[in-house]
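One structure below.
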There are 2 protein chains.
Amino acid sequence: MNNHAHDPIGVFDSGLGGLTVVKELIHHLPNEKIVYFGDTARVPYGTKSAETIIRYSRDIVKVLLKNKVKMVVVACNTASSLALDVLKDEFDIPIIGVIDPGAKKAMEVTRNKKVGIIATSSTIKSGKYARKIVQLDKNIVVTSQACPLFVPLVEEGWFDHTVTYQVAEQYLGVIKKNKIDTLILGCTHYPLLKQVLHQVMGPKVQLVDSAQEVALQVKELLTRDGLLRTRLGPCQHAFIVSDEPKQFQRLAVRFLGGGVKNVRRHVYV
Amino acid sequence: MNNHAHDPIGVFDSGLGGLTVVKELIHHLPNEKIVYFGDTARVPYGTKSAETIIRYSRDIVKVLLKNKVKMVVVACNTASSLALDVLKDEFDIPIIGVIDPGAKKAMEVTRNKKVGIIATSSTIKSGKYARKIVQLDKNIVVTSQACPLFVPLVEEGWFDHTVTYQVAEQYLGVIKKNKIDTLILGCTHYPLLKQVLHQVMGPKVQLVDSAQEVALQVKELLTRDGLLRTRLGPCQHAFIVSDEPKQFQRLAVRFLGGGVKNVRRHVYV
């Protein structure tokens, strides 16, 4: 077993959304300790430029490394799309994003080879999902759609609001016309809108949320590198945010369903 | 005339919204040069904590001072609510916000002494508008409502969308019940929703947008201190943003109606 096996897994996102990935990690890797960084003072990333997102992601990986993480999960689709390659070049620990696992799962799920992707403006603009899917299977036809209002709607807690259905109808119009059978939820906030998305897309369309697939890839990687934590018993996860911890703690319950303690603040200097 | 009269006026906001104030400044003070700072890499402020907003505002005033501004207009309701007092204490030039002018105008406009305020969550939570209005006239009854989805709706360009009407109906429900005759648009993005707000509130309710009042207060202050720029002729305004200039330039047209040149980037170190 590697010396670092007992070190925590670092996970980061622009804000709270990455907690959907944390939830799956806890489920699939119950012995692992997690250090989560939510960049709540600079959220959202989805409307900002590649250069800015790369700079922010780099800052965060440095903070996670100070917390002695053995690997980093970029649990933010925007940062995975725009910063993952740079981070992998610059840092010497395993780093995985959410795009490849999501694309792989969509490829496995689709039968008619028509896949839709919904995400933030920056993720869609990067074209990463579409390229990855076509790279896996060049016969798959991809339709992409940016959905900028979904994150604010989730943060407002309007998971089942008439307005949310109407916004979804508008955004998903073109994707529906293209008769996809698989829809990638390309933003970690979107799993909270599953009910709306199911209803708007109809029962024949499978929703792909990369969180579970990411957890399985993390497990595979840790096993391969002898980095699985074998010590049994409950772990004290740690949460670091760049803005006020209290607000984070209150909202995090929507994602993790309670039990978010040990939240501290990191102030950029 | 003061030595600094030919120096520019500094204006800042978390993003683009403050351009509604710039528009009024240009209209009322056509000889003045403006240096505008939009904190597009850290936008929005309205969901963040007081501590973070104070830190960000302080950073920006320092940048404006390096650009030799003779005064600063905090053209952001959230920063005016949470950071103005600290900024006035720390810096040695005239600094004015948008809360006091908005409150004063509402007091002048209302006849039934029932005033509504809509703004971001942080502005509403600060209670600044309500306190200022009651301080001006203790008989005025104030109803406040945070409208977190309005900024994303404006940024999506859905100024006249069915969804925007429905969101407005929901947010303004309580305010309507309280039979106000004056509604303060307590966020610089909201003037772009005037059409929707007029229709939802009805023709008897006056909408108060502090931008014009702010411009008049700036004029008064500059006149009093001998700081009015008297050199005639067109000014080359300057725009500084913390994220990508191109995106700003493209969207700024919605606020200023064209003519946004000379946009450069400031990267925080």
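The chains in the structure tokens are called A, B, ... from first to last as shown; in each chain the residues are counted from 1, and the ligands are counted from 1 in the order shown.
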
Give me the chain A side of the contact with chain B, cut-off 8 Å, one line per residue showing its nearest atom pair and distance in Å at one decimal, counting only C-alpha atoms, sorted by chain and residue number, as CSV.
```
residue,atom,partner,partner_atom,distance
A:Thr40,CA,B:Lys48,CA,7.7
A:Ala41,CA,B:Lys48,CA,6.5
A:Arg42,CA,B:Arg42,CA,4.8
A:Val43,CA,B:Arg42,CA,7.1
A:Pro44,CA,B:Val43,CA,7.8
A:Lys48,CA,B:Ala41,CA,6.5
A:Ser49,CA,B:Glu244,CA,6.0
A:Thr52,CA,B:Asp243,CA,6.5
A:Pro148,CA,B:Glu156,CA,7.2
A:Leu149,CA,B:Pro152,CA,6.4
A:Pro152,CA,B:Leu149,CA,6.4
A:Leu153,CA,B:Leu149,CA,7.2
A:Glu156,CA,B:Pro148,CA,7.2
A:Val163,CA,B:Val163,CA,6.1
A:Gln166,CA,B:Val163,CA,7.0
A:Val167,CA,B:Val163,CA,7.1
A:Asp243,CA,B:Thr52,CA,6.5
A:Glu244,CA,B:Ser49,CA,6.0
```

Step one, run DSSP on the backbone; step two, keep only residues of range 42-199 of chain A assigned to alpha helix (DSSP H); then write them as JSON, numbers by chain. {"A": [50, 51, 52, 53, 54, 55, 56, 57, 58, 59, 60, 61, 62, 63, 64, 65, 66, 77, 78, 79, 80, 81, 82, 83, 84, 85, 86, 87, 88, 89, 90, 99, 100, 101, 102, 103, 104, 105, 106, 107, 108, 109, 121, 122, 123, 124, 125, 126, 128, 129, 130, 131, 132, 133, 134, 135, 136, 150, 151, 152, 153, 154, 155, 162, 163, 164, 165, 166, 167, 168, 169, 170, 171, 172, 173, 174, 175, 176, 177, 194, 195, 196, 197, 198, 199]}

Skipping near chain neighbours, those fewer than 5 positions away, what residues fall within 8 Å of range 112-128 of chain B using only C-alpha atoms, listed as a PyMOL selection string? chain B and resi 45-50+77-78+81-82+99+106-107+139-148+175+178-187

Selected residues written out with N, CA and C atoms, as an mmCIF file, in the first residue's frame:
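Result file is out.cif:
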```cif
data_model
loop_
_atom_site.group_PDB
_atom_site.id
_atom_site.type_symbol
_atom_site.label_atom_id
_atom_site.label_comp_id
_atom_site.auth_asym_id
_atom_site.auth_seq_id
_atom_site.Cartn_x
_atom_site.Cartn_y
_atom_site.Cartn_z
ATOM 1 N N TYR B 45 -22.232 39.911 -6.740
ATOM 2 C CA TYR B 45 -21.996 40.204 -5.320
ATOM 3 C C TYR B 45 -23.227 39.852 -4.476
ATOM 4 N N GLY B 46 -24.396 39.893 -5.090
ATOM 5 C CA GLY B 46 -25.663 39.875 -4.357
ATOM 6 C C GLY B 46 -25.943 38.626 -3.536
ATOM 7 N N THR B 47 -25.152 37.580 -3.719
ATOM 8 C CA THR B 47 -25.354 36.348 -2.963
ATOM 9 C C THR B 47 -24.204 36.112 -1.992
ATOM 10 N N LYS B 48 -23.265 37.069 -1.938
ATOM 11 C CA LYS B 48 -22.054 36.845 -1.130
ATOM 12 C C LYS B 48 -22.097 37.606 0.196
ATOM 13 N N SER B 49 -21.147 37.288 1.076
ATOM 14 C CA SER B 49 -21.177 37.850 2.428
ATOM 15 C C SER B 49 -20.630 39.275 2.478
ATOM 16 N N ALA B 50 -20.982 39.992 3.543
ATOM 17 C CA ALA B 50 -20.522 41.371 3.737
ATOM 18 C C ALA B 50 -18.992 41.436 3.723
ATOM 19 N N ASN B 77 -25.768 48.287 -5.760
ATOM 20 C CA ASN B 77 -26.569 48.386 -4.544
ATOM 21 C C ASN B 77 -26.019 47.512 -3.425
ATOM 22 N N THR B 78 -25.535 46.323 -3.780
ATOM 23 C CA THR B 78 -25.019 45.413 -2.759
ATOM 24 C C THR B 78 -23.785 46.021 -2.091
ATOM 25 N N SER B 81 -24.726 48.930 0.039
ATOM 26 C CA SER B 81 -25.353 48.522 1.300
ATOM 27 C C SER B 81 -24.328 48.040 2.312
ATOM 28 N N LEU B 82 -23.336 47.309 1.837
ATOM 29 C CA LEU B 82 -22.478 46.575 2.761
ATOM 30 C C LEU B 82 -21.080 47.151 2.927
ATOM 31 N N ILE B 99 -27.705 53.961 -2.491
ATOM 32 C CA ILE B 99 -28.823 53.742 -1.564
ATOM 33 C C ILE B 99 -29.481 55.074 -1.161
ATOM 34 N N ALA B 106 -37.462 58.040 -3.453
ATOM 35 C CA ALA B 106 -38.695 57.313 -3.097
ATOM 36 C C ALA B 106 -39.533 58.128 -2.115
ATOM 37 N N MET B 107 -38.845 58.744 -1.152
ATOM 38 C CA MET B 107 -39.540 59.558 -0.151
ATOM 39 C C MET B 107 -40.265 60.737 -0.819
ATOM 40 N N ASN B 139 -42.862 57.894 9.024
ATOM 41 C CA ASN B 139 -44.225 57.432 8.747
ATOM 42 C C ASN B 139 -44.322 56.518 7.518
ATOM 43 N N ILE B 140 -43.212 56.384 6.798
ATOM 44 C CA ILE B 140 -43.255 55.527 5.602
ATOM 45 C C ILE B 140 -43.156 54.055 6.014
ATOM 46 N N VAL B 141 -44.060 53.243 5.441
ATOM 47 C CA VAL B 141 -44.029 51.797 5.689
ATOM 48 C C VAL B 141 -43.324 51.118 4.513
ATOM 49 N N VAL B 142 -42.319 50.318 4.815
ATOM 50 C CA VAL B 142 -41.489 49.715 3.774
ATOM 51 C C VAL B 142 -41.721 48.203 3.696
ATOM 52 N N THR B 143 -41.893 47.701 2.483
ATOM 53 C CA THR B 143 -41.944 46.248 2.256
ATOM 54 C C THR B 143 -40.765 45.861 1.358
ATOM 55 N N SER B 144 -39.976 44.884 1.786
ATOM 56 C CA SER B 144 -38.776 44.506 1.032
ATOM 57 C C SER B 144 -38.902 43.096 0.467
ATOM 58 N N GLN B 145 -38.296 42.878 -0.685
ATOM 59 C CA GLN B 145 -38.326 41.552 -1.300
ATOM 60 C C GLN B 145 -37.038 41.294 -2.096
ATOM 61 N N ALA B 146 -36.343 40.221 -1.760
ATOM 62 C CA ALA B 146 -35.177 39.810 -2.552
ATOM 63 C C ALA B 146 -35.656 39.114 -3.824
ATOM 64 N N CYS B 147 -35.009 39.393 -4.951
ATOM 65 C CA CYS B 147 -35.409 38.828 -6.254
ATOM 66 C C CYS B 147 -34.205 38.210 -6.964
ATOM 67 N N PRO B 148 -33.673 37.109 -6.426
ATOM 68 C CA PRO B 148 -32.405 36.559 -6.936
ATOM 69 C C PRO B 148 -32.414 36.183 -8.415
ATOM 70 N N ILE B 175 -45.565 42.452 -1.973
ATOM 71 C CA ILE B 175 -45.427 43.908 -2.157
ATOM 72 C C ILE B 175 -46.709 44.503 -2.737
ATOM 73 N N ASN B 178 -49.507 44.840 -0.222
ATOM 74 C CA ASN B 178 -49.324 45.935 0.728
ATOM 75 C C ASN B 178 -49.641 47.312 0.147
ATOM 76 N N LYS B 179 -50.146 47.316 -1.102
ATOM 77 C CA LYS B 179 -50.634 48.538 -1.747
ATOM 78 C C LYS B 179 -49.636 49.698 -1.744
ATOM 79 N N ILE B 180 -48.420 49.398 -2.097
ATOM 80 C CA ILE B 180 -47.407 50.451 -2.229
ATOM 81 C C ILE B 180 -47.731 51.322 -3.442
ATOM 82 N N ASP B 181 -47.243 52.574 -3.438
ATOM 83 C CA ASP B 181 -47.393 53.398 -4.650
ATOM 84 C C ASP B 181 -46.031 53.711 -5.276
ATOM 85 N N THR B 182 -44.951 53.220 -4.633
ATOM 86 C CA THR B 182 -43.590 53.520 -5.086
ATOM 87 C C THR B 182 -42.733 52.270 -4.915
ATOM 88 N N LEU B 183 -42.024 51.899 -5.984
ATOM 89 C CA LEU B 183 -41.176 50.705 -5.909
ATOM 90 C C LEU B 183 -39.734 51.070 -6.263
ATOM 91 N N ILE B 184 -38.829 50.887 -5.303
ATOM 92 C CA ILE B 184 -37.413 51.158 -5.567
ATOM 93 C C ILE B 184 -36.784 49.967 -6.278
ATOM 94 N N LEU B 185 -36.172 50.233 -7.428
ATOM 95 C CA LEU B 185 -35.427 49.189 -8.133
ATOM 96 C C LEU B 185 -34.021 49.177 -7.526
ATOM 97 N N GLY B 186 -33.848 48.342 -6.519
ATOM 98 C CA GLY B 186 -32.636 48.378 -5.703
ATOM 99 C C GLY B 186 -31.488 47.545 -6.230
ATOM 100 N N CYS B 187 -31.388 47.452 -7.528
ATOM 101 C CA CYS B 187 -30.274 46.730 -8.161
ATOM 102 C C CYS B 187 -30.117 47.332 -9.541
#
```

Enumerate, as a count of residues only, the complete set of residues in range 35-245 of chain A that a backbone-based DSSP assignment places in strand (DSSP E or B). 35

Long-range neighbours of range 254-265 of chain A as a list in words, 9 Å cut-off, only C-alpha atoms, 6 positions minimum in chain: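 Neighbouring residues, sequence-local ones excluded: Leu16, Gly17, Gly18, Leu19, Thr20, Val22, Lys23, Gly157, Leu192, Gln236, His237, Ala238, Phe239, Ile240, Val241, Ser242, Asp243, Glu244, Pro245, Lys246 and Phe248 of chain A.
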
Could you dump the residues just selected with C-alpha atoms as a short mmCIF file (atom, residue, chain, number, x, y, z; two decimals), in the first residue's frame?
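Saved the output as selection23.cif:
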```cif
data_model
loop_
_atom_site.label_atom_id
_atom_site.label_comp_id
_atom_site.auth_asym_id
_atom_site.auth_seq_id
_atom_site.Cartn_x
_atom_site.Cartn_y
_atom_site.Cartn_z
CA LEU A 16 -22.03 23.71 -3.94
CA GLY A 17 -22.75 21.64 -7.05
CA GLY A 18 -19.73 19.38 -6.61
CA LEU A 19 -21.38 17.96 -3.51
CA THR A 20 -23.41 15.70 -5.83
CA VAL A 22 -19.06 13.98 -2.96
CA LYS A 23 -22.29 12.13 -2.22
CA GLY A 157 -34.75 26.06 -4.62
CA LEU A 192 -31.42 18.50 -8.59
CA GLN A 236 -14.39 13.34 9.34
CA HIS A 237 -14.72 15.05 5.97
CA ALA A 238 -13.57 18.65 5.72
CA PHE A 239 -15.16 21.49 3.77
CA ILE A 240 -13.35 24.66 2.79
CA VAL A 241 -15.13 27.63 1.24
CA SER A 242 -13.87 31.02 0.09
CA ASP A 243 -16.94 32.91 1.35
CA GLU A 244 -18.97 32.67 4.56
CA PRO A 245 -19.16 29.07 5.91
CA LYS A 246 -22.66 29.39 7.42
CA PHE A 248 -22.64 27.02 2.61
#
```

Shell around Asp100 in chain B at 10 Å using only C-alpha atoms, local window under 6 positions removed, as a CSV table (one decimal) with N, CA, C and O atoms, in the first residue's frame:
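Generated output (result_18.csv):
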```
chain,number,residue,atom,x,y,z
B,80,SER,N,-23.0,49.2,-2.1
B,80,SER,CA,-23.4,50.4,-1.4
B,80,SER,C,-24.0,50.0,0.0
B,80,SER,O,-23.7,50.7,1.0
B,81,SER,N,-24.7,48.9,0.0
B,81,SER,CA,-25.4,48.5,1.3
B,81,SER,C,-24.3,48.0,2.3
B,81,SER,O,-24.5,48.3,3.5
B,106,ALA,N,-37.5,58.0,-3.5
B,106,ALA,CA,-38.7,57.3,-3.1
B,106,ALA,C,-39.5,58.1,-2.1
B,106,ALA,O,-40.8,58.2,-2.2
B,128,LYS,N,-30.4,48.2,4.7
B,128,LYS,CA,-30.0,49.6,4.6
B,128,LYS,C,-31.0,50.6,4.0
B,128,LYS,O,-31.2,51.7,4.4
B,129,TYR,N,-31.7,50.1,2.9
B,129,TYR,CA,-32.7,50.9,2.2
B,129,TYR,C,-33.8,51.3,3.2
B,129,TYR,O,-34.2,52.4,3.4
B,132,LYS,N,-32.8,53.7,5.9
B,132,LYS,CA,-32.6,55.1,5.3
B,132,LYS,C,-33.9,55.8,5.1
B,132,LYS,O,-34.1,56.9,5.4
B,133,ILE,N,-34.9,55.0,4.5
B,133,ILE,CA,-36.2,55.6,4.3
B,133,ILE,C,-36.9,56.0,5.5
B,133,ILE,O,-37.4,57.1,5.7
B,136,LEU,N,-35.5,59.1,6.9
B,136,LEU,CA,-36.0,60.3,6.2
B,136,LEU,C,-37.4,60.7,6.6
B,136,LEU,O,-37.8,61.9,6.7
B,210,SER,N,-32.5,54.6,-9.1
B,210,SER,CA,-31.7,55.6,-8.5
B,210,SER,C,-30.6,56.3,-9.4
B,210,SER,O,-30.0,57.3,-9.1
B,213,GLU,N,-30.9,60.0,-10.0
B,213,GLU,CA,-30.7,60.7,-8.8
B,213,GLU,C,-29.2,60.7,-8.4
B,213,GLU,O,-28.7,61.7,-7.9
B,214,VAL,N,-28.6,59.6,-8.6
B,214,VAL,CA,-27.1,59.5,-8.3
B,214,VAL,C,-26.4,60.5,-9.1
B,214,VAL,O,-25.5,61.3,-8.6
B,217,GLN,N,-26.7,63.9,-7.7
B,217,GLN,CA,-25.9,64.1,-6.5
B,217,GLN,C,-24.5,64.3,-6.8
B,217,GLN,O,-23.7,65.0,-6.1
```

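In terms of minimum interatomic distance to Ala168 in chain B, B:Leu197 ranks closest within B:Val134, B:Leu221, B:Leu197, B:Val154, counting only C-alpha atoms.
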
Here CA of Val218 in chain B and CA of Lys138 in chain B stand apart by 26.3 Å

With distances taken over only C-alpha atoms, which residue among B:Gln135, B:Asn2, B:Thr188, B:Ser14 lies nearest Lys104 in chain B? B:Gln135

I'd like the neighbourhood of Asn31 in chain A as a list in words, where a residue qualifies if any of its atoms comes within 10 Å (using only C-alpha atoms), though same-chain residues fewer than 6 positions away should be ignored. His6, Leu25, Leu228, Arg229, Thr230, Arg231, Leu232, Gly233, Pro234 and Cys235 of chain A

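Counting from CA of Val253 in chain A, the distance to CA of Val21 in chain A is 13.9 Å.
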